[in-house]
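J.: The structure follows.
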Amino acid sequence: MVRRSIIEPFKIKVVEPLPMRTVAERERILAEVGWNLFGVHAADVTFDFLTDSGTTAMSAAQWGAMMTADESYAGSRSFYRFEEVVRRITGYQHVIPTHQGRAAEHLLFSLHCERGQIVPSNNHFDTTRANLEQLGVTAVDVVCSEGRDPHLEHPFKGNVDLARLEALLAEHRGHVPFVMTTITNNTGGGQPVSLENLRAVSAICKRFGVPFLLDACRFAENAWFIHVREPGQGSRPVREIAREMFELADGCLVSAKKDGLVNIGGFIALRDGAWVPDLRSRLILTEGFPTYGGLAARDLEAMAVGLDEVLDEAYLAYRVAVARYLADGLAAVGVPTMRPPGGHAVYLDARGFVPHIPPHEFPAQAVAVELYRAEGIRSCEIGSVMFGKRPDGSFAASALELVRLAIPRRVYTQAHFDYVLEGIAEIATRKDSLRGLRITDEPAFLRHFTARFAPL
Ligand SMILES: *Cc1c(COP(=O)(O)O)cnc(C)c1O
């Protein structure tokens, strides 16, 4: 008999109450925070799908390791344990801890990029792009054409457009400090990159003599997708696939708040030692001594255990099944989502769901607000609130109106997702009555964090 239920491949030892509020309480809260979900206290959120970053539930083994951490300033035993795990998983010799991903980005970019250069990637994550742009470097997205179509079913929508990459490297010869690839491609919806594509990117970089770096926050999810989707990879252990991904590149930048299964932490790992002395000196200036890099040793212990745990195939099968379950459940009640679901999030297509709300009335924000008002679900608008403002302040509709439901790791159970799906199904029955919003107050930049709205 084939089992259809997803089971969480863990037992639960520590629990936390799920915050419950009434609809009336949430309506009062929404009015107080100006219908902006970033202003809602987490204690008033029942299901928090704002992000999968740093929201992981840690294991007993991680908490246990934290208790025995060595908090020495220099040469901590915990650092060497962490270094051993990163070396074993990646094959890279040089390991530099940082307090999170963007610190790793800032450290490496500020030393190895110059104004006027360009850095290609499938899609740059927003902190990656911002850290390059503030140095005067142009961040160029070269994701494959399939990756730009939100409804197309394709196994590897995170792949790099190889012809575009080659053309870019030929045109800007001498002005590309390195090529990056984000695995999985967060900005594109958590879509994976195939091994075949990584091999080709690696070969192109070698041919042009340009280093190749992975933005590897979700390396384990990417390796799992290769294992289940790429011809010829099904019989290889995920750990071996992950190792090959790293071997194709020269180094990686990692926010361990994702597949590190920790609440804080990150690192740079490099095959070659040439950049290391400068990185370590700058690390001492900005993050801390090279054997703790802005973290407590207990955080290094938690990362060391988490990086191994995340490669457990039962965990990865469950992880990816959850996103698929949520997306299929939404499709069953007529709620369109970006296809196929990625590893860490499901993106509800608000333009398809509430076509009667025009872009300047923020359809994705309207849906996000209703998910919270009716069901206590917090999601993240990725649409015209986030991207709809031109530098001159005028309105320009975002290409897509999405509501992202990011899934924290090991936090919610299948019963929680069933409950969430029932709630969204109920909203779907009366979606035609949803109304848009207008902005009543907004800052000059990054308005999605602090803007206030009023319902129309
Ligand atoms: C989260 C993330 C980062 C930045 O990491 P932080 O730990 O949030 O600073 C960089 N790249 C990708 C792909 C990410 O998902």
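As shown in the structure tokens, the chain order sets the letters A, B, ...; within each chain, residues go from 1, and ligands are also counted from 1 in the order they appear.
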What residues in range 405-452 of chain A get the DSSP label helix (DSSP H, G or I)? Please answer as a PyMOL selection string.
T.: chain A and resi 414-429+431-433+447-450
J.: Please, could you write that set of residues out with N, CA, C and O atoms as an mmCIF file, in the first residue's frame?
T.:
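Full text of selection20.cif as output:
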```
data_model
loop_
_atom_site.group_PDB
_atom_site.id
_atom_site.type_symbol
_atom_site.label_atom_id
_atom_site.label_comp_id
_atom_site.auth_asym_id
_atom_site.auth_seq_id
_atom_site.Cartn_x
_atom_site.Cartn_y
_atom_site.Cartn_z
ATOM 1 N N GLN A 414 1.574 18.546 9.532
ATOM 2 C CA GLN A 414 0.621 18.390 8.431
ATOM 3 C C GLN A 414 -0.771 18.853 8.850
ATOM 4 O O GLN A 414 -1.514 19.421 8.044
ATOM 5 N N ALA A 415 -1.138 18.644 10.109
ATOM 6 C CA ALA A 415 -2.456 19.108 10.580
ATOM 7 C C ALA A 415 -2.541 20.637 10.471
ATOM 8 O O ALA A 415 -3.580 21.193 10.105
ATOM 9 N N HIS A 416 -1.431 21.320 10.776
ATOM 10 C CA HIS A 416 -1.417 22.777 10.623
ATOM 11 C C HIS A 416 -1.680 23.165 9.167
ATOM 12 O O HIS A 416 -2.444 24.082 8.886
ATOM 13 N N PHE A 417 -1.032 22.452 8.248
ATOM 14 C CA PHE A 417 -1.205 22.810 6.837
ATOM 15 C C PHE A 417 -2.619 22.494 6.360
ATOM 16 O O PHE A 417 -3.193 23.223 5.556
ATOM 17 N N ASP A 418 -3.213 21.416 6.881
ATOM 18 C CA ASP A 418 -4.612 21.122 6.535
ATOM 19 C C ASP A 418 -5.518 22.262 7.005
ATOM 20 O O ASP A 418 -6.415 22.695 6.282
ATOM 21 N N TYR A 419 -5.255 22.744 8.204
ATOM 22 C CA TYR A 419 -6.066 23.820 8.773
ATOM 23 C C TYR A 419 -5.913 25.110 7.943
ATOM 24 O O TYR A 419 -6.886 25.786 7.615
ATOM 25 N N VAL A 420 -4.672 25.394 7.575
ATOM 26 C CA VAL A 420 -4.386 26.565 6.731
ATOM 27 C C VAL A 420 -5.120 26.446 5.389
ATOM 28 O O VAL A 420 -5.736 27.403 4.912
ATOM 29 N N LEU A 421 -5.073 25.256 4.802
ATOM 30 C CA LEU A 421 -5.728 25.056 3.500
ATOM 31 C C LEU A 421 -7.244 25.221 3.608
ATOM 32 O O LEU A 421 -7.871 25.805 2.722
ATOM 33 N N GLU A 422 -7.831 24.732 4.701
ATOM 34 C CA GLU A 422 -9.272 24.912 4.911
ATOM 35 C C GLU A 422 -9.609 26.406 4.992
ATOM 36 O O GLU A 422 -10.600 26.870 4.432
ATOM 37 N N GLY A 423 -8.760 27.141 5.700
ATOM 38 C CA GLY A 423 -8.992 28.575 5.857
ATOM 39 C C GLY A 423 -8.914 29.298 4.515
ATOM 40 O O GLY A 423 -9.756 30.142 4.193
ATOM 41 N N ILE A 424 -7.901 28.948 3.724
ATOM 42 C CA ILE A 424 -7.741 29.629 2.429
ATOM 43 C C ILE A 424 -8.875 29.211 1.488
ATOM 44 O O ILE A 424 -9.371 30.019 0.697
ATOM 45 N N ALA A 425 -9.332 27.962 1.595
ATOM 46 C CA ALA A 425 -10.471 27.512 0.770
ATOM 47 C C ALA A 425 -11.705 28.346 1.084
ATOM 48 O O ALA A 425 -12.472 28.715 0.188
ATOM 49 N N GLU A 426 -11.884 28.672 2.351
ATOM 50 C CA GLU A 426 -13.043 29.481 2.753
ATOM 51 C C GLU A 426 -12.922 30.885 2.143
ATOM 52 O O GLU A 426 -13.884 31.427 1.595
ATOM 53 N N ILE A 427 -11.725 31.448 2.202
ATOM 54 C CA ILE A 427 -11.515 32.780 1.611
ATOM 55 C C ILE A 427 -11.788 32.730 0.099
ATOM 56 O O ILE A 427 -12.391 33.644 -0.474
ATOM 57 N N ALA A 428 -11.382 31.617 -0.530
ATOM 58 C CA ALA A 428 -11.559 31.489 -1.984
ATOM 59 C C ALA A 428 -13.035 31.533 -2.384
ATOM 60 O O ALA A 428 -13.368 31.999 -3.476
ATOM 61 N N THR A 429 -13.926 31.078 -1.502
ATOM 62 C CA THR A 429 -15.353 31.075 -1.854
ATOM 63 C C THR A 429 -15.924 32.492 -1.941
ATOM 64 O O THR A 429 -16.980 32.697 -2.516
ATOM 65 N N LYS A 431 -13.831 35.307 -2.681
ATOM 66 C CA LYS A 431 -12.727 36.152 -3.140
ATOM 67 C C LYS A 431 -13.206 37.357 -3.955
ATOM 68 O O LYS A 431 -12.553 38.401 -3.962
ATOM 69 N N ASP A 432 -14.360 37.201 -4.629
ATOM 70 C CA ASP A 432 -14.829 38.310 -5.460
ATOM 71 C C ASP A 432 -15.224 39.531 -4.630
ATOM 72 O O ASP A 432 -15.338 40.634 -5.175
ATOM 73 N N SER A 433 -15.428 39.326 -3.329
ATOM 74 C CA SER A 433 -15.793 40.472 -2.483
ATOM 75 C C SER A 433 -14.559 41.145 -1.873
ATOM 76 O O SER A 433 -14.686 42.165 -1.197
ATOM 77 N N ARG A 447 9.435 50.739 0.914
ATOM 78 C CA ARG A 447 8.193 51.105 1.574
ATOM 79 C C ARG A 447 7.428 49.928 2.151
ATOM 80 O O ARG A 447 6.625 50.094 3.065
ATOM 81 N N HIS A 448 7.679 48.705 1.602
ATOM 82 C CA HIS A 448 6.880 47.571 2.077
ATOM 83 C C HIS A 448 7.037 47.316 3.570
ATOM 84 O O HIS A 448 6.134 46.783 4.198
ATOM 85 N N PHE A 449 8.185 47.711 4.151
ATOM 86 C CA PHE A 449 8.390 47.450 5.583
ATOM 87 C C PHE A 449 7.544 48.351 6.478
ATOM 88 O O PHE A 449 7.119 47.933 7.544
ATOM 89 N N THR A 450 7.331 49.597 6.075
ATOM 90 C CA THR A 450 6.724 50.545 7.020
ATOM 91 C C THR A 450 5.516 51.332 6.473
ATOM 92 O O THR A 450 4.918 52.093 7.230
#
```
J.: Could you name the residues that touch range 148-160 of chain A at 6 Å or less, counting only C-alpha atoms, but leaving out those on the same chain fewer than 3 positions away, as a list of chain:residue names?
T.: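 Using only C-alpha atoms, the neighbours found are A:Asn122, A:Val142, A:Val143, A:Cys144, A:Ser145, A:Asn185, A:Gln191, A:Pro192, A:Val193, A:Ser194, A:Met338, A:Arg339, A:Pro340.
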J.: Selection from above, C-alpha atoms, as a CSV table (one decimal), in the first residue's frame, can you write it?
T.:
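Just written: out.csv:
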```csv
chain,number,residue,atom,x,y,z
A,122,ASN,CA,20.8,33.3,-12.2
A,142,VAL,CA,20.9,35.7,-16.3
A,143,VAL,CA,18.3,33.1,-15.3
A,144,CYS,CA,17.0,30.8,-18.1
A,145,SER,CA,13.8,31.9,-20.0
A,185,ASN,CA,17.1,30.4,-6.7
A,191,GLN,CA,13.7,26.9,-8.0
A,192,PRO,CA,16.6,24.5,-8.3
A,193,VAL,CA,19.6,24.5,-10.6
A,194,SER,CA,20.6,21.2,-12.3
A,338,MET,CA,3.7,29.8,-9.1
A,339,ARG,CA,4.6,26.5,-10.7
A,340,PRO,CA,6.2,24.2,-9.8
```
J.: Can you tell me, as a PyMOL selection string, which residues in range 61-280 of chain A count as strand (DSSP E) by DSSP?
T.: chain A and resi 94-98+118-121+138-141+179-182+212-215+251-255+266-270
J.: Could the residues that lie within 7 Å of ligand 1, counting only C-alpha atoms and all ligand atoms, be listed as a list in words?
T.: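 After applying the 7 Å limit, what remains is Ser53, Gln100, Gly101, Arg102, Ala103, Phe125, Thr127, Thr128, Thr182, Ile183, Asn185, Asn186, Asp215, Ala216, Cys217, Ser255, Ala256, Lys257, Gly265 and Gly266 of chain A.
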J.: In Å, how far is it from CA of Glu32 in chain A to CA of Pro408 in chain A?
T.: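 So the two atoms, CA of Glu32 in chain A and CA of Pro408 in chain A, lie 26.7 Å apart.
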J.: For a quick check of understanding, using only C-alpha atoms, which of A:Ala345, A:Pro211, A:Arg88, A:Ala130 has the smallest distance to Arg243 in chain A?
T.: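 Using only C-alpha atoms, Arg243 in chain A sits closest to A:Arg88.
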J.: Could you check which of A:Gly75, A:Gly273, A:Gly190, A:Gly352 is closest to Gly334 in chain A, using only C-alpha atoms?
T.: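 Looking only at the distances to Gly334 in chain A, the closest residue turns out to be A:Gly352.
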J.: I'd like to know which of A:Val385, A:Ala200, A:Val411, A:Leu168 is closest to Phe445 in chain A, using only C-alpha atoms.
T.: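 Nearest to Phe445 in chain A: A:Val385.
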J.: Fewer than 6 positions away in the same chain doesn't count, so skip those; otherwise give me all residues within 9 Å of Val23 in chain A, counting only C-alpha atoms, as number ranges by chain.
T.: A: 372-376
J.: Please write the residues from the selection above to a file, keeping N, CA and C atoms, as a PDB file, in the first residue's frame.
T.:
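Result file follows (result04.pdb):
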```pdb
ATOM      1  N   TYR A 372      -4.452  37.179   6.919  1.00  0.00           N
ATOM      2  CA  TYR A 372      -4.227  37.468   8.332  1.00  0.00           C
ATOM      3  C   TYR A 372      -5.555  37.749   9.047  1.00  0.00           C
ATOM      4  N   ARG A 373      -6.370  38.597   8.470  1.00  0.00           N
ATOM      5  CA  ARG A 373      -7.627  38.987   9.138  1.00  0.00           C
ATOM      6  C   ARG A 373      -8.497  37.768   9.440  1.00  0.00           C
ATOM      7  N   ALA A 374      -8.671  36.927   8.435  1.00  0.00           N
ATOM      8  CA  ALA A 374      -9.602  35.809   8.587  1.00  0.00           C
ATOM      9  C   ALA A 374      -8.979  34.607   9.286  1.00  0.00           C
ATOM     10  N   GLU A 375      -7.678  34.378   9.070  1.00  0.00           N
ATOM     11  CA  GLU A 375      -7.086  33.104   9.510  1.00  0.00           C
ATOM     12  C   GLU A 375      -5.848  33.231  10.394  1.00  0.00           C
ATOM     13  N   GLY A 376      -5.361  34.449  10.603  1.00  0.00           N
ATOM     14  CA  GLY A 376      -4.154  34.603  11.432  1.00  0.00           C
ATOM     15  C   GLY A 376      -2.890  34.144  10.749  1.00  0.00           C
TER      16      GLY A 376
END
```
J.: Determine, counting only C-alpha atoms, which protein, DNA and RNA residues have an atom within 12 Å of an atom of Ala451 in chain A; residues of the same chain fewer than 2 positions away are not included. Present the result as a VMD selection string.
T.: chain A and resid 33 to 39 365 385 to 386 437 to 449 453 to 454
J.: Create the file for the chosen residues now, containing C-alpha atoms and written as a compact mmCIF listing (two decimals), in the first residue's frame.
T.:
```txt
# COMPACT_ATOMS: atom_id res chain seq x y z
CA VAL A 33 -0.62 48.80 12.23
CA GLY A 34 -2.11 50.42 9.11
CA TRP A 35 -2.80 47.07 7.38
CA ASN A 36 0.95 46.37 7.14
CA LEU A 37 1.79 42.83 8.32
CA PHE A 38 5.39 43.80 9.16
CA GLY A 39 3.89 45.82 12.03
CA GLN A 365 -1.40 43.07 -0.30
CA VAL A 385 3.85 47.39 -2.83
CA MET A 386 7.41 46.04 -2.89
CA LEU A 437 -6.05 49.12 -0.48
CA ARG A 438 -4.54 52.55 -0.87
CA ILE A 439 -1.32 53.81 0.71
CA THR A 440 -1.86 56.56 3.29
CA ASP A 441 1.74 57.03 4.37
CA GLU A 442 5.06 55.73 3.00
CA PRO A 443 8.83 56.21 3.43
CA ALA A 444 11.15 57.20 0.57
CA PHE A 445 12.74 53.71 0.23
CA LEU A 446 11.76 50.09 0.92
CA ARG A 447 8.19 51.11 1.57
CA HIS A 448 6.88 47.57 2.08
CA PHE A 449 8.39 47.45 5.58
CA PHE A 453 -2.59 51.44 4.13
CA ALA A 454 -6.35 51.92 4.29
```
J.: Show me, as a ChimeraX atom specification, the residues that have an atom within 8 Å of Gly54 in chain A when counting only C-alpha atoms, minus same-chain residues fewer than 2 positions from it.
T.: /A:52,56,257-258,261-264
J.: With N, CA and C atoms kept, could you save the residues just selected as a CSV table (one decimal), in the first residue's frame?
T.:
```
chain,number,residue,atom,x,y,z
A,52,ASP,N,11.4,31.8,5.8
A,52,ASP,CA,12.0,30.6,6.3
A,52,ASP,C,13.4,30.8,6.8
A,56,THR,N,13.9,28.2,11.9
A,56,THR,CA,14.0,26.8,12.1
A,56,THR,C,13.8,26.4,13.5
A,257,LYS,N,21.0,30.4,8.1
A,257,LYS,CA,19.7,30.6,8.6
A,257,LYS,C,18.7,29.8,7.8
A,258,LYS,N,19.1,29.2,6.7
A,258,LYS,CA,18.2,28.4,5.9
A,258,LYS,C,18.6,26.9,6.1
A,261,LEU,N,20.0,25.1,9.3
A,261,LEU,CA,19.0,24.7,10.4
A,261,LEU,C,19.3,25.5,11.7
A,262,VAL,N,19.7,26.7,11.6
A,262,VAL,CA,20.0,27.5,12.8
A,262,VAL,C,19.2,28.8,12.7
A,263,ASN,N,19.2,29.5,13.9
A,263,ASN,CA,18.5,30.8,14.0
A,263,ASN,C,19.4,32.0,13.6
A,264,ILE,N,20.7,31.8,13.7
A,264,ILE,CA,21.6,32.8,13.2
A,264,ILE,C,23.0,32.2,12.8
```
J.: I'd like the contact shell of Val86 in chain A - 8 Å cut-off, only C-alpha atoms, skipping same-chain residues fewer than 3 positions apart - returned as a PyMOL selection string.
T.: chain A and resi 82-83+89-92+95+269+304+307
J.: With only C-alpha atoms as the counted atoms, please give the residues lying no more than 9 Å from Phe109 in chain A, apart from itself and same-chain residues fewer than 5 positions off, as a list in words.
T.: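 So the residues in contact are Ala104, Glu114, Asn131, Leu132 and Leu135 of chain A.
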